[in-house]
Amino acid sequence: MISRTRKGAVAALLTCALAVPLLGAAPASATHRARHAVQEVPSAGAPELPRPAGPHPVGRRTLHLVDRDRTDPWVPTARGRELMVSVSYPARSAGTGTPAPYMTVEEARLLLEARGLGGVVPASTLAGTRTHARVGAAPARGRFPLVLLSPGFGMPRATLTSLADDLAARGYVVAAVDHAHESVGTEFPGGRVPPCVACEEVDPGPEQAAVVRGRAADLSFVIDELTDGRRAGSLSRMIDSRRIAAAGHSMGGAAAAATMAVDRRVRAGVDLDGNFFVDDAGAGIGRRPFMMLGAENTHTPGGDITDWDGAWDRLHGWKRWLTVQGAGHFSFTDLPWLGKRLGLPDPTPLPAERSWEITRDHVGAFLDLHLRGIPQPLLDGPTAAHPEVAF
């Protein structure tokens, strides 16, 4: 069990992740400016996520998984380790099923409050964000690679919806995972919204490494469940268990690397702007491919902020260290895209559309190369189409 040293105190890691306005990395005063900006922008209703570029319609199923063999590190009295998983998958035909929700109103309210935007953006507006997936859509025929997605510390899995649905449209089964008690707002069956106990109890240091390793166990359990025909049913029949990758944002990216280190089923991994938090990051991955994609201002080689240097030296297979000029920490999530459409100012120099395009193109290229064997010149070196990306 992870030690509890500072009950009620929000750790520095969470403060770094949440104490800026939604969809940017501005000082606290920007929250005040955001309120006025929102009031001056006519409401256009709920925003819409970027349309997936792939040829497949996208289906969605939400699963509540419980690992009865593990004790929850935050609430030891809980009956196992609980996870909420949104599975986006290639669907058989467009227009079937019902539109998949972005998040519940309560989840949206808690996320907005954590970002300093309570009362600025109506929770119902954020919750009503239009996605491009359909609940109940029949799965496409065939077998597809599986990609696991883990969000940043304190963030709900919904913040990676655009990436999940875009990959599903390209022909991947994508499982976005919420880790119990590690999100400011995740709704479980029965309307339960467990508090983010980890947000109050994790201090920088060894406890961060424990979070990463705990998430690695979560992701391995999700693989077990999704590839078991008795438990996952039709979803399991879609998954090619020989082609599995893990990716994540921030601490979720660290979890992707940690999962590869302990689970040989995971053939490739991506870290989106996350430090690794563990001393031996990269060890155990061997010659399997790994890509690090992050903001230039925090992940410059040899910099004091990043711990990527050590991990880079321990990776012995195909690897890339890519930095994006003008990007912020949340540039690799849905947040900049939504913020622009909600009328919120974003001090990050990189425009929201470019944030999305760079993330989509590079993650998609990496997975196509290593899970499908399709050559990807985009990953060979700098390109004129993506001048912000440095190798």
# chains A, B, ... in the order shown; residues from 1 in each chain; ligands from 1
>>> select_by_dssp(residues="stretch 214-289 of chain A", states="helix (DSSP H, G or I)", output="number ranges by chain")
A: 214-226, 229-232, 234-238, 251-262
>>> residues_around(residues="A:Asp165", least_positions_apart="2", cutoff="8 Å", atoms="only C-alpha atoms", output="list of chain:residue names")
A:Pro52, A:Val58, A:Ser88, A:Tyr89, A:His132, A:Ala133, A:Thr161, A:Ser162, A:Leu163, A:Leu167, A:Ala168, A:Ala169, A:Val174
>>> closest_residue(among="A:Thr333, A:Gln376, A:Ser124, A:Ser250", to="A:Ile358", atoms="only C-alpha atoms")
A:Thr333
>>> closest_atom_pairs(of="stretch 292-362 of chain A", to="stretch 118-121 of chain A", cutoff="10 Å", atoms="only C-alpha atoms", output="Markdown table")
| residue | atom | partner | partner_atom | distance |
| --- | --- | --- | --- | --- |
| A:Gly339 | CA | A:Val121 | CA | 10.0 |
| A:Leu342 | CA | A:Val121 | CA | 7.6 |
| A:Gly343 | CA | A:Val121 | CA | 9.4 |
| A:Leu344 | CA | A:Val121 | CA | 9.2 |
>>> residues_around(residues="A:Leu111", least_positions_apart="2", cutoff="8 Å", atoms="only C-alpha atoms", output="VMD selection string")
chain A and resid 107 to 109 113 to 115 155 184 to 185
>>> write_last_selection(atoms="C-alpha atoms", output="short mmCIF file (atom, residue, chain, number, x, y, z; two decimals), in the first residue's frame")
data_model
loop_
_atom_site.label_atom_id
_atom_site.label_comp_id
_atom_site.auth_asym_id
_atom_site.auth_seq_id
_atom_site.Cartn_x
_atom_site.Cartn_y
_atom_site.Cartn_z
CA GLU A 107 -17.59 14.42 -14.54
CA ALA A 108 -17.55 17.67 -16.50
CA ARG A 109 -18.40 19.73 -13.43
CA GLU A 113 -13.73 23.02 -11.07
CA ALA A 114 -10.31 21.37 -10.93
CA ARG A 115 -9.21 23.58 -13.83
CA MET A 155 -7.22 13.59 -15.65
CA VAL A 184 -10.77 14.32 -10.42
CA GLY A 185 -14.02 12.98 -11.83
#
>>> residues_around(residues="A:Arg81", least_positions_apart="4", cutoff="6 Å", atoms="only C-alpha atoms", output="ChimeraX atom specification")
/A:66-67,70-72
>>> write_last_selection(atoms="N, CA, C and O atoms", output="PDB file, in the first residue's frame")
ATOM      1  N   VAL A  66     -13.152  -5.048 -12.702  1.00  0.00           N
ATOM      2  CA  VAL A  66     -12.707  -5.134 -11.316  1.00  0.00           C
ATOM      3  C   VAL A  66     -11.728  -6.291 -11.180  1.00  0.00           C
ATOM      4  O   VAL A  66     -12.068  -7.443 -11.475  1.00  0.00           O
ATOM      5  N   ASP A  67     -10.524  -5.972 -10.741  1.00  0.00           N
ATOM      6  CA  ASP A  67      -9.518  -6.995 -10.487  1.00  0.00           C
ATOM      7  C   ASP A  67      -9.640  -7.407  -9.019  1.00  0.00           C
ATOM      8  O   ASP A  67      -9.168  -6.714  -8.110  1.00  0.00           O
ATOM      9  N   ARG A  70      -6.401  -7.940  -6.644  1.00  0.00           N
ATOM     10  CA  ARG A  70      -5.513  -6.852  -6.225  1.00  0.00           C
ATOM     11  C   ARG A  70      -6.221  -5.952  -5.221  1.00  0.00           C
ATOM     12  O   ARG A  70      -7.433  -5.725  -5.305  1.00  0.00           O
ATOM     13  N   THR A  71      -5.449  -5.413  -4.306  1.00  0.00           N
ATOM     14  CA  THR A  71      -5.944  -4.427  -3.350  1.00  0.00           C
ATOM     15  C   THR A  71      -5.770  -3.040  -3.938  1.00  0.00           C
ATOM     16  O   THR A  71      -4.705  -2.720  -4.481  1.00  0.00           O
ATOM     17  N   ASP A  72      -6.800  -2.222  -3.850  1.00  0.00           N
ATOM     18  CA  ASP A  72      -6.668  -0.862  -4.341  1.00  0.00           C
ATOM     19  C   ASP A  72      -5.642  -0.113  -3.483  1.00  0.00           C
ATOM     20  O   ASP A  72      -5.752  -0.107  -2.257  1.00  0.00           O
TER      21      ASP A  72
END
>>> closest_residue(among="A:Val75, A:Ile285, A:Ala140, A:Ala327", to="A:Val266", atoms="only C-alpha atoms")
A:Ile285
>>> residues_around(residues="A:Gly252", least_positions_apart="4", cutoff="9 Å", atoms="only C-alpha atoms", output="PyMOL selection string")
chain A and resi 149-153+212+215+247-248+256-257+271-272+274
>>> write_last_selection(atoms="C-alpha atoms", output="PDB file, in the first residue's frame")
ATOM      1  CA  LEU A 149      -4.445   4.597 -23.518  1.00  0.00           C
ATOM      2  CA  SER A 150      -3.773   5.933 -20.024  1.00  0.00           C
ATOM      3  CA  PRO A 151      -4.516   9.608 -19.179  1.00  0.00           C
ATOM      4  CA  GLY A 152      -2.446  12.053 -17.156  1.00  0.00           C
ATOM      5  CA  PHE A 153      -2.469  12.068 -13.366  1.00  0.00           C
ATOM      6  CA  VAL A 212       3.275   4.304 -12.481  1.00  0.00           C
ATOM      7  CA  ARG A 215      -1.031   1.625 -13.600  1.00  0.00           C
ATOM      8  CA  ALA A 247       0.377   4.874 -25.015  1.00  0.00           C
ATOM      9  CA  GLY A 248      -0.500   7.649 -22.620  1.00  0.00           C
ATOM     10  CA  ALA A 256       2.951   2.761 -21.073  1.00  0.00           C
ATOM     11  CA  ALA A 257       6.700   2.255 -20.673  1.00  0.00           C
ATOM     12  CA  ASP A 271       4.872   8.584 -24.106  1.00  0.00           C
ATOM     13  CA  LEU A 272       3.084  11.898 -24.727  1.00  0.00           C
ATOM     14  CA  GLY A 274       5.284  12.562 -19.569  1.00  0.00           C
TER      15      GLY A 274
END
>>> closest_residue(among="A:Gly171, A:Pro377, A:Pro351, A:Gly286", to="A:Pro55", atoms="only C-alpha atoms")
A:Gly171
>>> atom_distance(atom1="atom CA of A:Leu226", atom2="atom CA of A:Phe277")
27.8 Å
>>> residues_around(residues="A:Ala352", least_positions_apart="6", cutoff="10 Å", atoms="only C-alpha atoms", output="ChimeraX atom specification")
/A:23,327,331-341,346
>>> select_by_dssp(residues="stretch 106-247 of chain A", states="strand (DSSP E)", output="MDAnalysis selection string")
chainID A and resid 133:135 144:150 173:179 239:247
